[in-house]
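Have a look at entry-v3.tsv below; it lists TSV, C-alpha atoms and all ligand atoms.
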chain	number	residue	atom	x	y	z
Q	1	MET	CA	46.38	46.97	-28.66
Q	2	MET	CA	44.90	43.91	-27.06
Q	3	ALA	CA	45.10	40.45	-28.59
Q	4	ASN	CA	43.98	38.30	-25.70
Q	5	GLY	CA	40.23	38.53	-25.69
Q	6	GLY	CA	40.23	42.13	-24.48
Q	7	ILE	CA	42.77	41.90	-21.69
Q	8	THR	CA	46.11	43.68	-21.54
Q	9	GLN	CA	49.45	41.86	-21.56
Q	10	ARG	CA	49.94	42.89	-17.95
Q	11	GLU	CA	46.64	41.26	-17.01
Q	12	TYR	CA	47.38	38.23	-19.17
Q	13	TRP	CA	50.79	37.48	-17.61
Q	14	ASN	CA	49.59	38.29	-14.09
Q	15	GLY	CA	46.54	36.06	-14.32
Q	16	GLU	CA	46.05	32.35	-14.76
Q	17	VAL	CA	48.67	32.09	-17.54
Q	18	GLY	CA	51.42	33.68	-15.45
Q	19	ALA	CA	50.56	31.40	-12.51
Q	20	ARG	CA	50.66	28.34	-14.78
Q	21	TRP	CA	54.05	29.34	-16.24
Q	22	ALA	CA	55.34	29.98	-12.72
Q	23	ARG	CA	54.28	26.49	-11.58
Q	24	ASN	CA	55.88	24.84	-14.60
Q	25	GLN	CA	59.08	26.84	-14.83
Q	26	ARG	CA	61.39	23.82	-14.60
Q	27	ARG	CA	59.64	21.98	-17.43
Q	28	ILE	CA	59.60	25.05	-19.65
Q	29	ASP	CA	63.31	25.65	-19.14
Q	30	ALA	CA	64.14	21.99	-19.81
Q	31	VAL	CA	62.13	21.96	-23.05
Q	32	PHE	CA	63.62	25.26	-24.27
Q	33	ALA	CA	67.20	24.35	-23.24
Q	34	PRO	CA	68.45	23.79	-26.84
Q	35	LEU	CA	67.09	27.23	-27.80
Q	36	THR	CA	68.59	28.89	-24.73
Q	37	ALA	CA	71.96	27.44	-25.76
Q	38	ALA	CA	71.53	28.93	-29.25
Q	39	LEU	CA	70.65	32.34	-27.75
Q	40	PHE	CA	73.75	32.43	-25.55
Q	41	ALA	CA	76.01	31.11	-28.32
Q	42	GLU	CA	75.01	34.21	-30.29
Q	43	ALA	CA	74.87	36.75	-27.44
Q	44	ARG	CA	78.21	35.67	-25.87
Q	45	PRO	CA	77.86	38.01	-22.87
Q	46	ARG	CA	81.25	39.37	-21.85
Q	47	VAL	CA	82.62	38.71	-18.38
Q	48	ASP	CA	82.13	41.72	-16.05
Q	49	SER	CA	79.64	43.42	-18.38
Q	50	ALA	CA	76.05	44.56	-17.73
Q	51	LEU	CA	73.11	42.72	-19.30
Q	52	LEU	CA	69.41	43.44	-19.55
Q	53	ASP	CA	66.99	40.47	-19.86
Q	54	ILE	CA	63.70	41.59	-21.37
Q	55	GLY	CA	60.54	39.70	-20.45
Q	56	CYS	CA	62.66	37.51	-18.18
Q	57	GLY	CA	59.77	35.38	-16.93
Q	58	ALA	CA	60.91	32.93	-14.26
Q	59	GLY	CA	64.52	34.00	-14.68
Q	60	ASP	CA	66.23	31.11	-16.47
Q	61	CYS	CA	68.18	33.26	-18.94
Q	62	ALA	CA	69.00	35.89	-16.32
Q	63	ILE	CA	70.55	33.16	-14.15
Q	64	VAL	CA	72.51	31.66	-17.07
Q	65	ALA	CA	73.74	35.18	-17.89
Q	66	ALA	CA	74.70	35.92	-14.27
Q	67	ARG	CA	76.93	32.85	-14.22
Q	68	GLN	CA	78.62	33.85	-17.48
Q	69	LEU	CA	79.19	37.47	-16.43
Q	70	GLY	CA	80.82	36.55	-13.13
Q	71	GLY	CA	80.75	38.38	-9.81
Q	72	ARG	CA	81.73	41.75	-11.27
Q	73	GLY	CA	79.02	41.75	-13.90
Q	74	ARG	CA	75.45	42.94	-13.44
Q	75	VAL	CA	72.08	41.67	-14.63
Q	76	VAL	CA	68.80	43.57	-14.70
Q	77	ALA	CA	65.86	41.30	-15.53
Q	78	ALA	CA	62.53	42.96	-16.31
Q	79	ASP	CA	59.05	41.52	-16.57
Q	80	LEU	CA	55.41	42.51	-16.10
Q	81	SER	CA	54.45	39.32	-14.31
Q	82	VAL	CA	54.48	39.36	-10.51
Q	83	PRO	CA	54.12	35.55	-10.12
Q	84	LEU	CA	56.94	34.86	-12.58
Q	85	LEU	CA	59.22	37.43	-10.94
Q	86	ALA	CA	58.56	35.81	-7.55
Q	87	VAL	CA	59.75	32.44	-8.89
Q	88	ALA	CA	62.73	34.11	-10.56
Q	89	ARG	CA	63.88	35.81	-7.34
Q	90	GLU	CA	63.56	32.61	-5.36
Q	91	ARG	CA	65.53	30.62	-7.95
Q	92	ALA	CA	68.24	33.23	-8.28
Q	93	GLU	CA	68.84	33.12	-4.55
Q	94	ILE	CA	69.32	29.38	-4.71
Q	95	GLU	CA	71.07	28.97	-8.06
Q	96	ALA	CA	73.06	32.02	-9.05
Q	97	LEU	CA	75.53	31.59	-6.19
Q	98	ALA	CA	78.82	32.83	-7.60
Q	99	GLY	CA	77.49	34.85	-10.51
Q	100	ALA	CA	76.67	38.50	-11.13
Q	101	PRO	CA	73.98	40.05	-8.93
Q	102	ILE	CA	70.56	40.01	-10.57
Q	103	ASP	CA	68.04	42.76	-10.07
Q	104	PHE	CA	64.60	41.40	-10.97
Q	105	ILE	CA	62.29	44.33	-11.57
Q	106	GLU	CA	58.60	44.61	-12.32
Q	107	ALA	CA	58.79	46.85	-15.36
Q	108	ASP	CA	57.19	47.38	-18.74
Q	109	ALA	CA	60.05	47.25	-21.25
Q	110	GLN	CA	58.19	49.77	-23.42
Q	111	THR	CA	58.17	52.57	-20.89
Q	112	HIS	CA	60.52	51.76	-18.00
Q	113	ASP	CA	63.50	54.05	-17.65
Q	114	PHE	CA	66.42	51.60	-17.64
Q	115	GLY	CA	68.85	54.52	-17.86
Q	116	SER	CA	70.88	55.64	-20.88
Q	117	ALA	CA	73.86	53.70	-22.24
Q	118	VAL	CA	73.96	51.31	-19.30
Q	119	PHE	CA	74.10	47.78	-20.75
Q	120	GLU	CA	76.55	46.06	-23.08
Q	121	HIS	CA	73.95	43.36	-23.79
Q	122	ALA	CA	70.18	43.07	-24.00
Q	123	ILE	CA	68.72	39.60	-24.48
Q	124	SER	CA	65.31	38.00	-24.60
Q	125	ARG	CA	64.00	34.46	-24.92
Q	126	PHE	CA	60.53	34.87	-26.39
Q	127	GLY	CA	59.78	38.05	-24.43
Q	128	VAL	CA	59.74	40.71	-27.17
Q	129	MET	CA	56.66	39.65	-29.17
Q	130	PHE	CA	54.17	40.89	-26.61
Q	131	PHE	CA	54.70	44.63	-26.77
Q	132	GLU	CA	51.62	46.71	-27.50
Q	133	ASP	CA	53.96	49.14	-29.29
Q	134	SER	CA	57.08	47.39	-30.60
Q	135	GLY	CA	58.55	50.61	-32.01
Q	136	ILE	CA	58.49	52.36	-28.65
Q	137	ALA	CA	59.75	49.26	-26.85
Q	138	PHE	CA	62.77	48.67	-29.09
Q	139	ALA	CA	63.69	52.36	-29.05
Q	140	ASN	CA	63.57	52.24	-25.23
Q	141	ILE	CA	65.75	49.10	-25.16
Q	142	ARG	CA	68.20	50.64	-27.62
Q	143	LYS	CA	68.55	53.73	-25.42
Q	144	ALA	CA	69.56	51.49	-22.50
Q	145	LEU	CA	72.40	49.92	-24.53
Q	146	VAL	CA	75.85	51.48	-24.67
Q	147	PRO	CA	76.93	52.54	-28.20
Q	148	GLY	CA	77.99	49.29	-29.89
Q	149	GLY	CA	75.98	47.25	-27.34
Q	150	ARG	CA	74.06	44.30	-28.75
Q	151	LEU	CA	70.47	43.15	-28.60
Q	152	THR	CA	70.03	39.38	-29.11
Q	153	PHE	CA	66.67	37.65	-28.97
Q	154	LEU	CA	64.69	34.59	-29.98
Q	155	CYS	CA	61.18	34.71	-31.39
Q	156	TRP	CA	58.99	32.13	-33.11
Q	157	ARG	CA	58.81	31.67	-36.86
Q	158	ARG	CA	55.48	30.82	-38.48
Q	159	MET	CA	53.19	28.23	-36.92
Q	160	GLU	CA	53.79	25.79	-39.83
Q	161	GLU	CA	57.50	25.89	-39.07
Q	162	ASN	CA	56.79	24.85	-35.49
Q	163	PRO	CA	55.31	21.34	-35.46
Q	164	TRP	CA	55.44	21.34	-31.63
Q	165	ILE	CA	52.70	23.98	-31.91
Q	166	SER	CA	50.99	23.18	-35.23
Q	167	VAL	CA	50.49	19.43	-34.57
Q	168	PRO	CA	48.50	19.87	-31.32
Q	169	ARG	CA	46.77	22.93	-32.75
Q	170	ARG	CA	45.43	20.97	-35.71
Q	171	LEU	CA	43.90	18.46	-33.29
Q	172	VAL	CA	42.43	21.06	-30.95
Q	173	LEU	CA	40.97	23.43	-33.57
Q	174	PRO	CA	37.92	21.29	-34.47
Q	175	LEU	CA	36.90	21.34	-30.78
Q	176	VAL	CA	36.72	25.11	-30.50
Q	177	LEU	CA	35.46	28.04	-32.51
Q	178	GLU	CA	38.07	29.17	-35.03
Q	179	PRO	CA	39.74	32.14	-33.31
Q	180	GLU	CA	39.38	35.48	-35.01
Q	181	ALA	CA	42.45	36.37	-37.05
Q	182	THR	CA	44.53	38.88	-35.12
Q	183	PRO	CA	46.08	41.89	-36.87
Q	184	ALA	CA	49.68	41.19	-37.94
Q	185	ASP	CA	51.04	43.82	-35.55
Q	186	ALA	CA	49.06	42.65	-32.51
Q	187	PRO	CA	51.08	41.33	-29.56
Q	188	GLY	CA	51.34	37.55	-29.48
Q	189	PRO	CA	53.77	34.66	-30.00
Q	190	PHE	CA	53.86	35.07	-33.80
Q	191	ARG	CA	54.21	38.84	-33.88
Q	192	PHE	CA	57.64	38.50	-35.50
Q	193	ALA	CA	57.07	35.34	-37.53
Q	194	GLU	CA	58.00	37.25	-40.71
Q	195	SER	CA	61.68	38.18	-40.71
Q	196	GLU	CA	61.02	41.35	-42.76
Q	197	THR	CA	58.88	42.69	-39.91
Q	198	ILE	CA	61.70	42.26	-37.43
Q	199	GLY	CA	64.21	44.03	-39.67
Q	200	ALA	CA	61.83	46.92	-40.31
Q	201	VAL	CA	60.89	47.43	-36.65
Q	202	LEU	CA	64.51	47.28	-35.44
Q	203	ALA	CA	65.77	49.59	-38.18
Q	204	GLN	CA	63.00	52.05	-37.38
Q	205	ALA	CA	64.09	51.99	-33.73
Q	206	GLY	CA	67.62	52.92	-34.85
Q	207	PHE	CA	69.40	49.56	-34.58
Q	208	LEU	CA	72.32	48.74	-36.92
Q	209	ASP	CA	73.87	45.50	-38.22
Q	210	ILE	CA	70.60	43.61	-37.91
Q	211	THR	CA	70.87	39.87	-38.59
Q	212	VAL	CA	67.95	37.43	-38.54
Q	213	GLU	CA	68.97	33.77	-38.66
Q	214	ALA	CA	66.67	30.76	-38.78
Q	215	VAL	CA	67.32	28.35	-35.93
Q	216	ASP	CA	65.68	24.93	-35.91
Q	217	ARG	CA	65.88	22.63	-32.93
Q	218	PRO	CA	64.07	19.45	-31.92
Q	219	LEU	CA	62.33	20.05	-28.59
Q	220	THR	CA	61.74	17.12	-26.27
Q	221	LEU	CA	58.38	17.99	-24.74
Q	222	ALA	CA	58.50	15.11	-22.27
Q	223	ARG	CA	60.45	11.99	-21.48
Q	224	SER	CA	59.22	9.23	-19.19
Q	225	ALA	CA	61.56	7.98	-16.51
Q	226	ASP	CA	60.91	4.33	-17.37
Q	227	GLY	CA	60.89	4.71	-21.15
Q	228	THR	CA	57.14	4.17	-21.62
Q	229	SER	CA	55.68	6.15	-24.48
Q	230	ARG	CA	52.28	6.54	-22.89
Q	231	ASP	CA	53.45	8.53	-19.84
Q	232	ALA	CA	55.68	10.67	-22.01
Q	233	ALA	CA	52.83	11.31	-24.47
Q	234	GLU	CA	50.51	12.45	-21.68
Q	235	ALA	CA	53.11	14.71	-20.12
Q	236	ALA	CA	53.97	16.13	-23.57
Q	237	ALA	CA	50.27	16.73	-24.29
Q	238	ASP	CA	49.98	18.65	-21.01
Q	239	PHE	CA	52.95	20.77	-22.00
Q	240	ALA	CA	51.65	21.48	-25.50
Q	241	ILE	CA	48.14	22.43	-24.51
Q	242	GLU	CA	48.79	24.08	-21.15
Q	243	LEU	CA	52.01	26.00	-21.77
Q	244	GLY	CA	52.47	26.40	-25.52
Q	245	PRO	CA	50.57	28.86	-27.72
Q	246	VAL	CA	47.79	26.26	-28.15
Q	247	SER	CA	46.70	27.06	-24.58
Q	248	ARG	CA	45.20	30.28	-25.98
Q	249	LEU	CA	42.68	28.21	-27.97
Q	250	LEU	CA	41.48	26.43	-24.87
Q	251	ARG	CA	41.16	29.44	-22.63
Q	252	ASP	CA	37.59	29.70	-21.31
Q	253	GLN	CA	36.73	26.20	-22.59
Q	254	PRO	CA	34.91	23.79	-20.26
Q	255	ASP	CA	36.83	20.95	-18.61
Q	256	SER	CA	35.18	18.43	-20.95
Q	257	VAL	CA	36.70	20.14	-24.02
Q	258	ARG	CA	40.10	20.41	-22.36
Q	259	ALA	CA	39.98	16.71	-21.48
Q	260	THR	CA	39.11	15.75	-25.06
Q	261	ALA	CA	41.89	17.98	-26.39
Q	262	ARG	CA	44.39	16.41	-24.00
Q	263	ARG	CA	43.31	12.88	-25.01
Q	264	LEU	CA	43.54	13.57	-28.75
Q	265	VAL	CA	46.96	15.18	-28.45
Q	266	ALA	CA	48.26	12.42	-26.15
Q	267	GLU	CA	47.11	9.75	-28.63
Q	268	ASP	CA	48.89	11.50	-31.46
Q	269	PHE	CA	52.04	12.02	-29.41
Q	270	ALA	CA	52.06	8.36	-28.30
Q	271	ASP	CA	52.39	7.39	-31.98
Q	272	ARG	CA	55.36	9.73	-32.33
Q	273	ALA	CA	57.14	8.77	-29.09
Q	274	LEU	CA	60.52	7.12	-29.42
Q	275	SER	CA	62.17	5.36	-26.47
Q	276	GLY	CA	59.81	7.15	-24.10
Q	277	ALA	CA	60.48	10.66	-25.43
Q	278	VAL	CA	58.17	12.95	-27.41
Q	279	THR	CA	60.22	15.26	-29.59
Q	280	LEU	CA	58.90	17.72	-32.17
Q	281	ASP	CA	60.65	20.41	-34.17
Q	282	ALA	CA	60.69	24.12	-33.34
Q	283	GLY	CA	61.58	26.96	-35.69
Q	284	CYS	CA	62.76	30.33	-34.38
Q	285	TRP	CA	64.45	33.48	-35.52
Q	286	LEU	CA	67.65	34.31	-33.72
Q	287	VAL	CA	67.97	38.05	-34.03
Q	288	SER	CA	70.97	40.22	-33.36
Q	289	ALA	CA	71.31	43.99	-33.69
Q	290	ARG	CA	73.74	46.68	-32.55
Q	291	ARG	CA	73.14	50.10	-31.08
P	301	LIG	C1	56.65	33.74	-23.42
P	301	LIG	S1	57.07	34.47	-21.91
P	301	LIG	C2	58.84	34.24	-21.89
P	301	LIG	C3	59.42	34.32	-20.51
P	301	LIG	C4	60.92	33.99	-20.40
P	301	LIG	N1	61.75	34.88	-21.18
P	301	LIG	C5	61.17	32.55	-20.77
P	301	LIG	O1	61.71	32.28	-21.85
P	301	LIG	O2	60.81	31.66	-19.97
P	301	LIG	C6	56.91	36.21	-22.27
P	301	LIG	C7	57.25	37.08	-21.09
P	301	LIG	O3	57.27	38.45	-21.54
P	301	LIG	C8	56.73	39.24	-20.50
P	301	LIG	N2	56.29	40.52	-21.07
P	301	LIG	C9	55.27	40.74	-21.94
P	301	LIG	N3	55.16	42.05	-22.25
P	301	LIG	C10	56.15	42.67	-21.55
P	301	LIG	C11	56.56	44.04	-21.42
P	301	LIG	N4	55.94	45.03	-22.08
P	301	LIG	N5	57.60	44.33	-20.61
P	301	LIG	C12	58.24	43.35	-19.92
P	301	LIG	N6	57.90	42.04	-19.99
P	301	LIG	C13	56.87	41.70	-20.80
P	301	LIG	C14	55.61	38.39	-19.93
P	301	LIG	O4	55.21	38.80	-18.65
P	301	LIG	C15	56.25	36.99	-19.96
P	301	LIG	O5	56.90	36.70	-18.76
Go ahead and render the structure in this file as structure tokens.
Ligand SMILES: C[S@@+](CC[C@H](N)C(=O)[O-])C[C@H]1O[C@@H](n2cnc3c(N)ncnc32)[C@H](O)[C@@H]1O
Amino acid sequence: MMANGGITQREYWNGEVGARWARNQRRIDAVFAPLTAALFAEARPRVDSALLDIGCGAGDCAIVAARQLGGRGRVVAADLSVPLLAVARERAEIEALAGAPIDFIEADAQTHDFGSAVFEHAISRFGVMFFEDSGIAFANIRKALVPGGRLTFLCWRRMEENPWISVPRRLVLPLVLEPEATPADAPGPFRFAESETIGAVLAQAGFLDITVEAVDRPLTLARSADGTSRDAAEAAADFAIELGPVSRLLRDQPDSVRATARRLVAEDFADRALSGAVTLDAGCWLVSARR
């Protein structure tokens, strides 16, 4: 199933979007840092164990995991996106120094053979909502876990529970044609916005002890070095409309529309900025399940 104007997820994350995420990896990781901390507080990867990172993107979580597992652990980090994997490999070489070795692989988590009963942990930071077939994907991930192994992931709750997305979206929507509603089971950032869906899909794939916990964190989208709200507001507007889900609304729009969108969002964010930082709330599900 395609939910990106007729292109596959592989094409989507290997095209302009993947390149943009690759260029902005440091900003994305800084903004999501409070959520990454929540993910690892729940996953608690055991020293010396093996961990699979699903939809690893530019490798932030794989690198955090490698440090926690130590030199005798092992990380396999899978993604469809060649540009993001290239950034991940480069970073890991520089940053993961004393940690577990990380194998970054170009692989579709739905179909790749990760082996049977290999990993004690599988984790994902916002990488599991994009499967064309979630049932097949989670069954494949479950197979790769050892009995008792745990899957832990973060996904977005509803748009309204994510002001960092809904505030800029409300400003951008009048500039573009209202996007067609996507089917509830289509891949996309809000695929698992309803907690019942997550429970049903994981149970169907054979997972046990499924817990779905709401996690709310303020995200600082940008902070200006000299404390001026205006710079922070512009940088935060760039983040929100270039890297967040709102970017999907502006795809294929002319530069003039993008510029207007950026101006409107920056003006709104300037009013919200405090001490040179633009911070809006994010709402996620933190999901845990056992093989
Ligand atoms: C929102 S990004 C998150 C990336 C990374 N986990 C992070 O937090 O920075 C979603 C990622 O999932 C990857 N992805 C989508 N479908 C996938 C699939 N079937 N198998 C593996 N990776 C997939 C995309 O290429 C993209 O890198």
Problem set entry | Nearby residues, ligand LIG 301 (chain P), 8 Å, only C-alpha atoms and all ligand atoms, as a PyMOL selection string | chain Q and resi 9-10+12-14+18+25+28-29+32+53-61+78-81+84+106-111+124-132+137+189
Based on the selection just made, write C-alpha atoms of those residues as an mmCIF file, in the coordinates of the input.
data_model
loop_
_atom_site.group_PDB
_atom_site.id
_atom_site.type_symbol
_atom_site.label_atom_id
_atom_site.label_comp_id
_atom_site.auth_asym_id
_atom_site.auth_seq_id
_atom_site.Cartn_x
_atom_site.Cartn_y
_atom_site.Cartn_z
ATOM 1 C CA GLN Q 9 49.450 41.860 -21.560
ATOM 2 C CA ARG Q 10 49.940 42.890 -17.950
ATOM 3 C CA TYR Q 12 47.380 38.230 -19.170
ATOM 4 C CA TRP Q 13 50.790 37.480 -17.610
ATOM 5 C CA ASN Q 14 49.590 38.290 -14.090
ATOM 6 C CA GLY Q 18 51.420 33.680 -15.450
ATOM 7 C CA GLN Q 25 59.080 26.840 -14.830
ATOM 8 C CA ILE Q 28 59.600 25.050 -19.650
ATOM 9 C CA ASP Q 29 63.310 25.650 -19.140
ATOM 10 C CA PHE Q 32 63.620 25.260 -24.270
ATOM 11 C CA ASP Q 53 66.990 40.470 -19.860
ATOM 12 C CA ILE Q 54 63.700 41.590 -21.370
ATOM 13 C CA GLY Q 55 60.540 39.700 -20.450
ATOM 14 C CA CYS Q 56 62.660 37.510 -18.180
ATOM 15 C CA GLY Q 57 59.770 35.380 -16.930
ATOM 16 C CA ALA Q 58 60.910 32.930 -14.260
ATOM 17 C CA GLY Q 59 64.520 34.000 -14.680
ATOM 18 C CA ASP Q 60 66.230 31.110 -16.470
ATOM 19 C CA CYS Q 61 68.180 33.260 -18.940
ATOM 20 C CA ALA Q 78 62.530 42.960 -16.310
ATOM 21 C CA ASP Q 79 59.050 41.520 -16.570
ATOM 22 C CA LEU Q 80 55.410 42.510 -16.100
ATOM 23 C CA SER Q 81 54.450 39.320 -14.310
ATOM 24 C CA LEU Q 84 56.940 34.860 -12.580
ATOM 25 C CA GLU Q 106 58.600 44.610 -12.320
ATOM 26 C CA ALA Q 107 58.790 46.850 -15.360
ATOM 27 C CA ASP Q 108 57.190 47.380 -18.740
ATOM 28 C CA ALA Q 109 60.050 47.250 -21.250
ATOM 29 C CA GLN Q 110 58.190 49.770 -23.420
ATOM 30 C CA THR Q 111 58.170 52.570 -20.890
ATOM 31 C CA SER Q 124 65.310 38.000 -24.600
ATOM 32 C CA ARG Q 125 64.000 34.460 -24.920
ATOM 33 C CA PHE Q 126 60.530 34.870 -26.390
ATOM 34 C CA GLY Q 127 59.780 38.050 -24.430
ATOM 35 C CA VAL Q 128 59.740 40.710 -27.170
ATOM 36 C CA MET Q 129 56.660 39.650 -29.170
ATOM 37 C CA PHE Q 130 54.170 40.890 -26.610
ATOM 38 C CA PHE Q 131 54.700 44.630 -26.770
ATOM 39 C CA GLU Q 132 51.620 46.710 -27.500
ATOM 40 C CA ALA Q 137 59.750 49.260 -26.850
ATOM 41 C CA PRO Q 189 53.770 34.660 -30.000
#
Using all atoms listed in the file, determine which residues lie at most 12 Å from Pro174 (chain Q), disregarding the query and same-chain residues fewer than 4 positions distant; provide the list as an mmCIF file with C-alpha atoms, keeping the file's coordinate frame.
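Generated output (selection_39.cif):
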data_model
loop_
_atom_site.group_PDB
_atom_site.id
_atom_site.type_symbol
_atom_site.label_atom_id
_atom_site.label_comp_id
_atom_site.auth_asym_id
_atom_site.auth_seq_id
_atom_site.Cartn_x
_atom_site.Cartn_y
_atom_site.Cartn_z
ATOM 1 C CA PRO Q 168 48.500 19.870 -31.320
ATOM 2 C CA ARG Q 169 46.770 22.930 -32.750
ATOM 3 C CA ARG Q 170 45.430 20.970 -35.710
ATOM 4 C CA GLU Q 178 38.070 29.170 -35.030
ATOM 5 C CA PRO Q 179 39.740 32.140 -33.310
ATOM 6 C CA LEU Q 249 42.680 28.210 -27.970
ATOM 7 C CA LEU Q 250 41.480 26.430 -24.870
ATOM 8 C CA VAL Q 257 36.700 20.140 -24.020
ATOM 9 C CA THR Q 260 39.110 15.750 -25.060
ATOM 10 C CA ALA Q 261 41.890 17.980 -26.390
ATOM 11 C CA LEU Q 264 43.540 13.570 -28.750
#
For this session: Take the point (73.4, 50.2, -27.2) in the file's coordinates, draw a sphere of radius 6 Å around it, and report as a list in words every protein, DNA or RNA residue with an atom inside or on it, counting only C-alpha atoms.
Result: Arg142, Leu145, Val146, Pro147, Gly148, Gly149 and Arg291 of chain Q
Emit the selected residues as a CSV table (one decimal), in the coordinates of the input, including C-alpha atoms.
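The file below, again24.csv, is the result:
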chain,number,residue,atom,x,y,z
Q,142,ARG,CA,68.2,50.6,-27.6
Q,145,LEU,CA,72.4,49.9,-24.5
Q,146,VAL,CA,75.8,51.5,-24.7
Q,147,PRO,CA,76.9,52.5,-28.2
Q,148,GLY,CA,78.0,49.3,-29.9
Q,149,GLY,CA,76.0,47.2,-27.3
Q,291,ARG,CA,73.1,50.1,-31.1
For this session: Determine, counting all atoms listed in the file, which protein, DNA and RNA residues have an atom within 9 Å of an atom of region 200-202 of chain Q; residues of the same chain fewer than 3 positions away are not included. Present the result as number ranges by chain.
Result: Q: 134-135, 138-139, 195-197, 205-208, 210, 289
Problem set entry | Test item: which residues lie within 8 Å of (66.3, 50.0, -19.9) counting only C-alpha atoms, as a VMD selection string | chain Q and resid 52 109 112 to 116 118 140 to 145
Expected file contents, prior selection, C-alpha atoms, as a PDB file, keeping the file's coordinate frame:
ATOM      1  CA  LEU Q  52      69.410  43.440 -19.550  1.00  0.00           C
ATOM      2  CA  ALA Q 109      60.050  47.250 -21.250  1.00  0.00           C
ATOM      3  CA  HIS Q 112      60.520  51.760 -18.000  1.00  0.00           C
ATOM      4  CA  ASP Q 113      63.500  54.050 -17.650  1.00  0.00           C
ATOM      5  CA  PHE Q 114      66.420  51.600 -17.640  1.00  0.00           C
ATOM      6  CA  GLY Q 115      68.850  54.520 -17.860  1.00  0.00           C
ATOM      7  CA  SER Q 116      70.880  55.640 -20.880  1.00  0.00           C
ATOM      8  CA  VAL Q 118      73.960  51.310 -19.300  1.00  0.00           C
ATOM      9  CA  ASN Q 140      63.570  52.240 -25.230  1.00  0.00           C
ATOM     10  CA  ILE Q 141      65.750  49.100 -25.160  1.00  0.00           C
ATOM     11  CA  ARG Q 142      68.200  50.640 -27.620  1.00  0.00           C
ATOM     12  CA  LYS Q 143      68.550  53.730 -25.420  1.00  0.00           C
ATOM     13  CA  ALA Q 144      69.560  51.490 -22.500  1.00  0.00           C
ATOM     14  CA  LEU Q 145      72.400  49.920 -24.530  1.00  0.00           C
TER      15      LEU Q 145
END
Slice of the block: region 227-231 of chain Q, all heavy atoms, as a PDB file, in the first residue's frame:
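Final output, saved to selection_9.pdb:
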ATOM      1  N   GLY Q 227      20.189  33.781  22.474  1.00  0.00           N
ATOM      2  CA  GLY Q 227      18.944  33.992  23.220  1.00  0.00           C
ATOM      3  C   GLY Q 227      17.895  34.822  22.491  1.00  0.00           C
ATOM      4  O   GLY Q 227      16.895  35.209  23.083  1.00  0.00           O
ATOM      5  N   THR Q 228      18.081  35.083  21.189  1.00  0.00           N
ATOM      6  CA  THR Q 228      17.060  35.874  20.482  1.00  0.00           C
ATOM      7  C   THR Q 228      15.962  34.955  19.946  1.00  0.00           C
ATOM      8  O   THR Q 228      16.236  33.922  19.316  1.00  0.00           O
ATOM      9  CB  THR Q 228      17.667  36.662  19.299  1.00  0.00           C
ATOM     10  OG1 THR Q 228      18.394  35.747  18.504  1.00  0.00           O
ATOM     11  CG2 THR Q 228      18.572  37.793  19.777  1.00  0.00           C
ATOM     12  N   SER Q 229      14.731  35.372  20.197  1.00  0.00           N
ATOM     13  CA  SER Q 229      13.597  34.533  19.828  1.00  0.00           C
ATOM     14  C   SER Q 229      13.449  34.401  18.318  1.00  0.00           C
ATOM     15  O   SER Q 229      13.013  33.377  17.812  1.00  0.00           O
ATOM     16  CB  SER Q 229      12.314  35.131  20.385  1.00  0.00           C
ATOM     17  OG  SER Q 229      12.438  35.236  21.765  1.00  0.00           O
ATOM     18  N   ARG Q 230      13.815  35.438  17.600  1.00  0.00           N
ATOM     19  CA  ARG Q 230      13.581  35.450  16.167  1.00  0.00           C
ATOM     20  C   ARG Q 230      14.387  34.356  15.443  1.00  0.00           C
ATOM     21  O   ARG Q 230      13.848  33.598  14.644  1.00  0.00           O
ATOM     22  CB  ARG Q 230      13.970  36.832  15.644  1.00  0.00           C
ATOM     23  CG  ARG Q 230      13.375  37.177  14.333  1.00  0.00           C
ATOM     24  CD  ARG Q 230      14.099  38.392  13.800  1.00  0.00           C
ATOM     25  NE  ARG Q 230      14.151  38.308  12.371  1.00  0.00           N
ATOM     26  CZ  ARG Q 230      13.337  38.979  11.583  1.00  0.00           C
ATOM     27  NH1 ARG Q 230      12.454  39.794  12.093  1.00  0.00           N
ATOM     28  NH2 ARG Q 230      13.420  38.845  10.280  1.00  0.00           N
ATOM     29  N   ASP Q 231      15.682  34.261  15.770  1.00  0.00           N
ATOM     30  CA  ASP Q 231      16.514  33.225  15.140  1.00  0.00           C
ATOM     31  C   ASP Q 231      15.993  31.836  15.492  1.00  0.00           C
ATOM     32  O   ASP Q 231      15.919  30.939  14.649  1.00  0.00           O
ATOM     33  CB  ASP Q 231      17.969  33.323  15.621  1.00  0.00           C
ATOM     34  CG  ASP Q 231      18.646  34.544  15.051  1.00  0.00           C
ATOM     35  OD1 ASP Q 231      18.020  35.225  14.212  1.00  0.00           O
ATOM     36  OD2 ASP Q 231      19.782  34.825  15.465  1.00  0.00           O
TER      37      ASP Q 231
END
